[in-house]
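> Sharing upload35.cif, mmCIF, N, CA and C atoms:
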```cif
data_data
loop_
_atom_site.label_atom_id
_atom_site.label_comp_id
_atom_site.auth_asym_id
_atom_site.auth_seq_id
_atom_site.Cartn_x
_atom_site.Cartn_y
_atom_site.Cartn_z
N MET A 1110 75.11 35.48 -63.61
CA MET A 1110 73.98 35.13 -62.79
C MET A 1110 73.82 33.61 -62.76
N PHE A 1111 73.65 33.07 -61.58
CA PHE A 1111 73.37 31.65 -61.42
C PHE A 1111 71.87 31.43 -61.49
N ARG A 1112 71.48 30.31 -62.11
CA ARG A 1112 70.07 29.95 -62.21
C ARG A 1112 69.86 28.56 -61.62
N ILE A 1113 68.75 28.37 -60.95
CA ILE A 1113 68.40 27.05 -60.43
C ILE A 1113 67.67 26.30 -61.54
N GLN A 1114 68.19 25.09 -61.85
CA GLN A 1114 67.68 24.34 -62.99
C GLN A 1114 67.49 22.87 -62.62
N LEU A 1115 66.56 22.23 -63.31
CA LEU A 1115 66.37 20.79 -63.15
C LEU A 1115 67.65 20.07 -63.55
N LYS A 1116 68.11 19.12 -62.72
CA LYS A 1116 69.28 18.31 -63.08
C LYS A 1116 68.97 16.82 -63.10
N SER A 1117 67.95 16.39 -62.34
CA SER A 1117 67.62 14.97 -62.23
C SER A 1117 66.10 14.83 -62.12
N LYS A 1118 65.54 13.83 -62.84
CA LYS A 1118 64.09 13.62 -62.75
C LYS A 1118 63.77 12.14 -62.92
N ILE A 1119 63.02 11.60 -61.95
CA ILE A 1119 62.47 10.25 -62.04
C ILE A 1119 60.96 10.45 -62.17
N HIS A 1120 60.42 10.13 -63.33
CA HIS A 1120 59.02 10.43 -63.62
C HIS A 1120 58.16 9.18 -63.57
N ARG A 1121 57.04 9.27 -62.88
CA ARG A 1121 56.02 8.22 -62.77
C ARG A 1121 56.53 6.98 -62.03
N ALA A 1122 57.34 7.20 -61.00
CA ALA A 1122 57.76 6.10 -60.12
C ALA A 1122 56.60 5.75 -59.20
N ARG A 1123 56.54 4.51 -58.78
CA ARG A 1123 55.49 4.06 -57.87
C ARG A 1123 56.09 3.85 -56.48
N ILE A 1124 55.43 4.43 -55.47
CA ILE A 1124 55.87 4.24 -54.09
C ILE A 1124 55.53 2.81 -53.67
N THR A 1125 56.55 2.06 -53.25
CA THR A 1125 56.35 0.64 -52.90
C THR A 1125 56.08 0.43 -51.42
N ASP A 1126 56.41 1.45 -50.59
CA ASP A 1126 56.15 1.35 -49.16
C ASP A 1126 56.18 2.76 -48.57
N ALA A 1127 55.45 2.93 -47.47
CA ALA A 1127 55.43 4.20 -46.75
C ALA A 1127 55.64 3.87 -45.28
N ASN A 1128 56.72 4.42 -44.70
CA ASN A 1128 57.11 4.08 -43.34
C ASN A 1128 57.08 5.33 -42.46
N VAL A 1129 55.96 5.56 -41.79
CA VAL A 1129 55.78 6.74 -40.95
C VAL A 1129 56.78 6.78 -39.80
N ASP A 1130 57.17 5.63 -39.28
CA ASP A 1130 58.03 5.58 -38.09
C ASP A 1130 59.51 5.84 -38.37
N TYR A 1131 59.92 5.94 -39.62
CA TYR A 1131 61.30 6.24 -39.94
C TYR A 1131 61.54 7.74 -39.76
N GLU A 1132 62.78 8.15 -39.55
CA GLU A 1132 63.07 9.56 -39.25
C GLU A 1132 62.81 10.51 -40.41
N GLY A 1133 62.72 10.02 -41.62
CA GLY A 1133 62.45 10.89 -42.76
C GLY A 1133 63.34 10.57 -43.93
N SER A 1134 62.90 10.89 -45.13
CA SER A 1134 63.65 10.73 -46.37
C SER A 1134 62.87 9.93 -47.39
N ILE A 1135 63.50 9.69 -48.53
CA ILE A 1135 62.96 8.80 -49.55
C ILE A 1135 64.06 7.82 -49.93
N THR A 1136 63.75 6.55 -49.93
CA THR A 1136 64.70 5.51 -50.30
C THR A 1136 64.55 5.23 -51.79
N ILE A 1137 65.68 5.29 -52.50
CA ILE A 1137 65.71 5.06 -53.96
C ILE A 1137 66.82 4.06 -54.24
N PRO A 1138 66.57 3.03 -55.08
CA PRO A 1138 67.61 2.06 -55.40
C PRO A 1138 68.86 2.73 -55.99
N THR A 1139 70.03 2.22 -55.64
CA THR A 1139 71.28 2.84 -56.08
C THR A 1139 71.43 2.88 -57.60
N ASP A 1140 70.92 1.87 -58.31
CA ASP A 1140 71.04 1.89 -59.77
C ASP A 1140 70.23 3.05 -60.35
N LEU A 1141 69.08 3.34 -59.77
CA LEU A 1141 68.26 4.45 -60.23
C LEU A 1141 68.89 5.79 -59.84
N MET A 1142 69.50 5.84 -58.67
CA MET A 1142 70.22 7.05 -58.26
C MET A 1142 71.33 7.37 -59.27
N ARG A 1143 72.08 6.35 -59.68
CA ARG A 1143 73.15 6.55 -60.67
C ARG A 1143 72.58 7.04 -62.01
N ALA A 1144 71.46 6.46 -62.42
CA ALA A 1144 70.88 6.80 -63.73
C ALA A 1144 70.54 8.28 -63.85
N VAL A 1145 70.17 8.92 -62.72
CA VAL A 1145 69.80 10.33 -62.77
C VAL A 1145 70.75 11.23 -61.98
N ASP A 1146 71.89 10.66 -61.55
CA ASP A 1146 72.92 11.42 -60.86
C ASP A 1146 72.43 12.03 -59.54
N LEU A 1147 71.84 11.17 -58.69
CA LEU A 1147 71.47 11.59 -57.33
C LEU A 1147 72.49 11.05 -56.35
N TRP A 1148 72.79 11.82 -55.31
CA TRP A 1148 73.72 11.43 -54.27
C TRP A 1148 72.98 11.07 -52.99
N ASP A 1149 73.60 10.24 -52.19
CA ASP A 1149 73.12 9.94 -50.85
C ASP A 1149 73.02 11.27 -50.09
N GLY A 1150 71.86 11.56 -49.54
CA GLY A 1150 71.66 12.79 -48.78
C GLY A 1150 71.24 14.00 -49.60
N GLU A 1151 71.16 13.86 -50.91
CA GLU A 1151 70.80 15.00 -51.76
C GLU A 1151 69.33 15.38 -51.56
N LYS A 1152 69.08 16.68 -51.55
CA LYS A 1152 67.71 17.20 -51.42
C LYS A 1152 66.94 16.95 -52.71
N VAL A 1153 65.70 16.49 -52.56
CA VAL A 1153 64.82 16.27 -53.71
C VAL A 1153 63.43 16.83 -53.43
N LEU A 1154 62.74 17.18 -54.49
CA LEU A 1154 61.33 17.54 -54.46
C LEU A 1154 60.56 16.32 -54.95
N VAL A 1155 59.60 15.88 -54.16
CA VAL A 1155 58.77 14.73 -54.52
C VAL A 1155 57.35 15.26 -54.71
N THR A 1156 56.77 14.97 -55.89
CA THR A 1156 55.40 15.40 -56.18
C THR A 1156 54.56 14.17 -56.48
N SER A 1157 53.39 14.11 -55.90
CA SER A 1157 52.49 12.99 -56.12
C SER A 1157 51.57 13.29 -57.30
N VAL A 1158 51.63 12.45 -58.32
CA VAL A 1158 50.69 12.54 -59.43
C VAL A 1158 49.31 12.11 -58.93
N THR A 1159 49.29 11.24 -57.94
CA THR A 1159 48.05 10.66 -57.41
C THR A 1159 47.20 11.69 -56.66
N ASN A 1160 47.82 12.49 -55.77
CA ASN A 1160 47.00 13.41 -54.97
C ASN A 1160 47.51 14.86 -54.95
N ALA A 1161 48.52 15.16 -55.75
CA ALA A 1161 49.06 16.52 -55.89
C ALA A 1161 49.89 17.00 -54.70
N ALA A 1162 50.20 16.13 -53.74
CA ALA A 1162 51.07 16.52 -52.61
C ALA A 1162 52.47 16.83 -53.14
N ARG A 1163 53.13 17.79 -52.49
CA ARG A 1163 54.50 18.17 -52.84
C ARG A 1163 55.29 18.29 -51.55
N LEU A 1164 56.51 17.74 -51.55
CA LEU A 1164 57.33 17.85 -50.35
C LEU A 1164 58.80 17.75 -50.72
N GLU A 1165 59.63 18.30 -49.84
CA GLU A 1165 61.07 18.20 -49.99
C GLU A 1165 61.60 17.25 -48.93
N THR A 1166 62.57 16.44 -49.32
CA THR A 1166 63.22 15.52 -48.41
C THR A 1166 64.62 15.24 -48.95
N TYR A 1167 65.26 14.19 -48.46
CA TYR A 1167 66.59 13.84 -48.95
C TYR A 1167 66.61 12.36 -49.31
N VAL A 1168 67.56 12.00 -50.15
CA VAL A 1168 67.67 10.64 -50.68
C VAL A 1168 68.52 9.77 -49.76
N ILE A 1169 68.07 8.53 -49.55
CA ILE A 1169 68.93 7.51 -48.96
C ILE A 1169 68.96 6.33 -49.93
N PRO A 1170 70.11 5.70 -50.09
CA PRO A 1170 70.23 4.61 -51.08
C PRO A 1170 69.50 3.35 -50.63
N GLY A 1171 68.84 2.73 -51.59
CA GLY A 1171 68.16 1.46 -51.37
C GLY A 1171 68.87 0.35 -52.14
N PRO A 1172 68.41 -0.88 -51.98
CA PRO A 1172 69.05 -2.02 -52.63
C PRO A 1172 69.07 -1.89 -54.15
N GLU A 1173 70.24 -2.13 -54.70
CA GLU A 1173 70.48 -2.11 -56.15
C GLU A 1173 69.47 -3.01 -56.86
N GLY A 1174 68.80 -2.46 -57.88
CA GLY A 1174 67.92 -3.26 -58.72
C GLY A 1174 66.62 -3.71 -58.08
N SER A 1175 66.32 -3.22 -56.87
CA SER A 1175 65.13 -3.70 -56.16
C SER A 1175 63.82 -3.10 -56.66
N GLY A 1176 63.89 -1.91 -57.25
CA GLY A 1176 62.67 -1.22 -57.65
C GLY A 1176 61.90 -0.64 -56.48
N GLN A 1177 62.46 -0.74 -55.27
CA GLN A 1177 61.75 -0.26 -54.08
C GLN A 1177 61.99 1.24 -53.89
N ILE A 1178 60.91 1.99 -53.93
CA ILE A 1178 60.97 3.42 -53.64
C ILE A 1178 60.06 3.65 -52.44
N VAL A 1179 60.69 4.03 -51.32
CA VAL A 1179 59.98 4.08 -50.04
C VAL A 1179 59.99 5.51 -49.52
N ILE A 1180 58.81 6.01 -49.18
CA ILE A 1180 58.70 7.33 -48.56
C ILE A 1180 58.69 7.13 -47.05
N ASN A 1181 59.50 7.89 -46.34
CA ASN A 1181 59.71 7.67 -44.92
C ASN A 1181 59.30 8.88 -44.09
N GLY A 1182 59.02 8.64 -42.82
CA GLY A 1182 58.73 9.71 -41.87
C GLY A 1182 57.37 10.34 -42.10
N ALA A 1183 57.24 11.58 -41.64
CA ALA A 1183 55.95 12.29 -41.72
C ALA A 1183 55.44 12.41 -43.15
N ALA A 1184 56.35 12.41 -44.12
CA ALA A 1184 55.94 12.49 -45.52
C ALA A 1184 55.01 11.35 -45.91
N ALA A 1185 55.10 10.22 -45.20
CA ALA A 1185 54.25 9.07 -45.49
C ALA A 1185 52.77 9.34 -45.19
N HIS A 1186 52.48 10.44 -44.51
CA HIS A 1186 51.08 10.84 -44.33
C HIS A 1186 50.54 11.50 -45.59
N LEU A 1187 51.42 12.09 -46.39
CA LEU A 1187 51.01 12.79 -47.61
C LEU A 1187 51.11 11.93 -48.86
N ILE A 1188 52.16 11.12 -48.92
CA ILE A 1188 52.41 10.26 -50.08
C ILE A 1188 52.46 8.84 -49.55
N GLN A 1189 51.66 7.97 -50.15
CA GLN A 1189 51.48 6.63 -49.60
C GLN A 1189 51.80 5.54 -50.61
N THR A 1190 51.86 4.31 -50.11
CA THR A 1190 52.11 3.14 -50.95
C THR A 1190 51.14 3.15 -52.13
N GLY A 1191 51.70 2.93 -53.32
CA GLY A 1191 50.90 2.89 -54.54
C GLY A 1191 50.81 4.21 -55.28
N HIS A 1192 51.16 5.32 -54.60
CA HIS A 1192 51.12 6.61 -55.29
C HIS A 1192 52.14 6.64 -56.41
N ILE A 1193 51.80 7.34 -57.46
CA ILE A 1193 52.72 7.60 -58.56
C ILE A 1193 53.32 8.98 -58.31
N VAL A 1194 54.65 9.06 -58.36
CA VAL A 1194 55.34 10.30 -58.02
C VAL A 1194 56.36 10.69 -59.09
N THR A 1195 56.73 11.95 -59.03
CA THR A 1195 57.87 12.47 -59.77
C THR A 1195 58.87 12.96 -58.73
N ILE A 1196 60.13 12.56 -58.88
CA ILE A 1196 61.20 12.92 -57.95
C ILE A 1196 62.19 13.79 -58.72
N MET A 1197 62.46 14.99 -58.23
CA MET A 1197 63.31 15.94 -58.95
C MET A 1197 64.39 16.51 -58.05
N ALA A 1198 65.56 16.75 -58.63
CA ALA A 1198 66.64 17.47 -57.96
C ALA A 1198 67.07 18.61 -58.88
N PHE A 1199 67.57 19.66 -58.27
CA PHE A 1199 67.93 20.86 -59.00
C PHE A 1199 69.38 21.23 -58.74
N GLY A 1200 69.99 21.89 -59.69
CA GLY A 1200 71.35 22.38 -59.55
C GLY A 1200 71.38 23.86 -59.86
N MET A 1201 72.46 24.52 -59.45
CA MET A 1201 72.62 25.93 -59.69
C MET A 1201 73.88 26.15 -60.51
N ASP A 1202 73.74 26.83 -61.64
CA ASP A 1202 74.88 27.07 -62.51
C ASP A 1202 74.60 28.30 -63.37
N ALA A 1203 75.67 28.90 -63.85
CA ALA A 1203 75.53 30.02 -64.77
C ALA A 1203 75.32 29.54 -66.20
N GLN A 1204 75.62 28.26 -66.44
CA GLN A 1204 75.44 27.66 -67.77
C GLN A 1204 74.27 26.68 -67.72
N PRO A 1205 73.65 26.40 -68.88
CA PRO A 1205 72.55 25.43 -68.88
C PRO A 1205 73.01 24.06 -68.38
N ILE A 1206 72.16 23.44 -67.58
CA ILE A 1206 72.38 22.08 -67.10
C ILE A 1206 71.54 21.16 -67.97
N ILE A 1207 72.15 20.10 -68.46
CA ILE A 1207 71.40 19.10 -69.22
C ILE A 1207 70.90 18.06 -68.23
N PRO A 1208 69.58 18.04 -67.96
CA PRO A 1208 69.07 17.13 -66.93
C PRO A 1208 69.07 15.68 -67.39
N LYS A 1209 69.25 14.79 -66.42
CA LYS A 1209 69.12 13.36 -66.65
C LYS A 1209 67.72 12.98 -66.19
N ARG A 1210 66.95 12.39 -67.10
CA ARG A 1210 65.55 12.05 -66.81
C ARG A 1210 65.29 10.59 -67.15
N VAL A 1211 64.47 9.96 -66.33
CA VAL A 1211 64.01 8.61 -66.64
C VAL A 1211 62.50 8.53 -66.45
N LEU A 1212 61.87 7.71 -67.26
CA LEU A 1212 60.45 7.42 -67.16
C LEU A 1212 60.32 5.98 -66.69
N MET A 1213 59.47 5.76 -65.69
CA MET A 1213 59.36 4.45 -65.07
C MET A 1213 58.08 3.73 -65.50
N ASP A 1214 58.10 2.38 -65.42
CA ASP A 1214 56.89 1.61 -65.61
C ASP A 1214 56.26 1.32 -64.25
N GLU A 1215 55.21 0.53 -64.21
CA GLU A 1215 54.48 0.28 -62.96
C GLU A 1215 55.27 -0.54 -61.95
N LYS A 1216 56.39 -1.17 -62.37
CA LYS A 1216 57.23 -1.94 -61.45
C LYS A 1216 58.55 -1.21 -61.17
N ASN A 1217 58.60 0.07 -61.49
CA ASN A 1217 59.78 0.92 -61.27
C ASN A 1217 61.00 0.47 -62.08
N ASN A 1218 60.73 -0.02 -63.28
CA ASN A 1218 61.79 -0.27 -64.25
C ASN A 1218 61.87 0.95 -65.16
N VAL A 1219 63.09 1.33 -65.55
CA VAL A 1219 63.26 2.44 -66.47
C VAL A 1219 62.78 2.01 -67.85
N ILE A 1220 61.85 2.77 -68.43
CA ILE A 1220 61.39 2.45 -69.79
C ILE A 1220 61.92 3.43 -70.83
N SER A 1221 62.39 4.59 -70.38
CA SER A 1221 63.08 5.48 -71.30
C SER A 1221 63.99 6.42 -70.52
N LYS A 1222 65.07 6.83 -71.18
CA LYS A 1222 66.03 7.77 -70.61
C LYS A 1222 66.14 8.95 -71.55
N SER A 1223 66.38 10.12 -70.95
CA SER A 1223 66.54 11.33 -71.75
C SER A 1223 67.58 12.20 -71.08
N VAL A 1224 68.36 12.86 -71.89
CA VAL A 1224 69.30 13.84 -71.36
C VAL A 1224 68.95 15.24 -71.86
N LYS A 1225 67.71 15.42 -72.28
CA LYS A 1225 67.26 16.74 -72.74
C LYS A 1225 66.36 17.35 -71.71
#
```
As C-alpha cells, please, write out the structure in this file.

Amino acid sequence: MFRIQLKSKIHRARITDANVDYEGSITIPTDLMRAVDLWDGEKVLVTSVTNAARLETYVIPGPEGSGQIVINGAAAHLIQTGHIVTIMAFGMDAQPIIPKRVLMDEKNNVISKSVK
C-alpha cells in the first residue's frame, strides 16, 4: 500500500509580496527549494498561520538567496504580504519518507533544519 506523506516543509516563512495579476503560483528562492527538495512546478499546500487560509499551487524558482517568497495570482486575495505561512509538499511511497523541514526567521533565513 502506498501512503501520502510529508516530504518537504518550510515553516513560518513570511510572504514578501503578493501579485494578484500574475497567472498563479508561489515563488520560492532556489536555495530554499534545494534545502527542502522542491522542484520547479511541484505542487505545494500553502497554509497561512496569519488567517488560516489554505490553498494548493505550484512552485516557481525565485532568485537565489533573496529571501523573497511571493504568492501570485488569485491566491494573493487569500494570503497577502506579511502573512506567515507554512509551505508543504507530499510524496507517495510504500516506505516511510523522511521529510526535509526548515524553520524560518522573520527575514526568511533558515534558523533550523530537520530531517525528522
> Figure out the distance between atom CA of A:Asp1146 and atom CA of A:Pro1208, please, to one decimal in Å.
9.2 Å
> Which residues are near A:Leu1115? Cut-off 9 Å, only C-alpha atoms, ignore same chain within fewer than 5 positions. Put them as a PyMOL selection string.
chain A and resi 1197-1201+1206-1209
> Taking the chain letters and numbering used in this document, name the residues of stretch 1134-1216 of chain A that DSSP puts in helix (DSSP H, G or I), as an MDAnalysis selection string.
chainID A and resid 1139:1145 1182:1186
> Go through A:Glu1173, A:Asp1149, A:Asp1202, A:Glu1215 and flag the residue nearest A:Ile1113, using only N, CA and C atoms for the distances.
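Looking at the shortest contact to A:Ile1113, the residue is A:Asp1202.
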> Expanded to explicit residues, what is the PyMOL selection byres ((chain A and resi 1132-1144) around 5) for this file, as a PyMOL selection string?
chain A and resi 1130-1131+1145-1147+1167-1174+1178-1182
> Contacts of A:His1192 at 7 Å or less, counting only N, CA and C atoms, minus same-chain residues fewer than 4 places along, as a list in words?
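Answer for this query is Ala1122, Arg1123, Ile1124, Thr1125, Ser1157, Val1158, Thr1159, Asn1160 and Ile1188 of chain A.
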> What does the distance from atom CA of A:Val1129 to atom C of A:Gln1177 come to in Å, to one decimal?
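So the two atoms, atom CA of A:Val1129 and atom C of A:Gln1177, lie 15.4 Å apart.
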> Record the distance separating atom CA of A:His1186 and atom N of A:Lys1118, expressed in Å with one decimal.
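Atom N of A:Lys1118 lies 23.7 Å from atom CA of A:His1186.
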> When you count only C-alpha atoms, which of these residues is closest to A:Thr1156: A:Gln1204, A:Thr1195, A:Asn1218, A:Ser1223?
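Closest to A:Thr1156 of all the choices is A:Thr1195.
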> For this structure, which residues satisfy the selection - the PyMOL selection byres ((chain A and resi 1154) around 5) - when it is evaluated on the file as given? I want them as a PyMOL selection string.
chain A and resi 1152-1153+1155-1156+1164-1165+1196-1197
> List every residue of chain A that DSSP, applied to the backbone of this structure, places in strand (DSSP E), and write the result as a ChimeraX atom specification.
/A:1112-1123,1126-1128,1134-1138,1152-1157,1163-1171,1179-1181,1193-1202,1209-1213,1219-1223
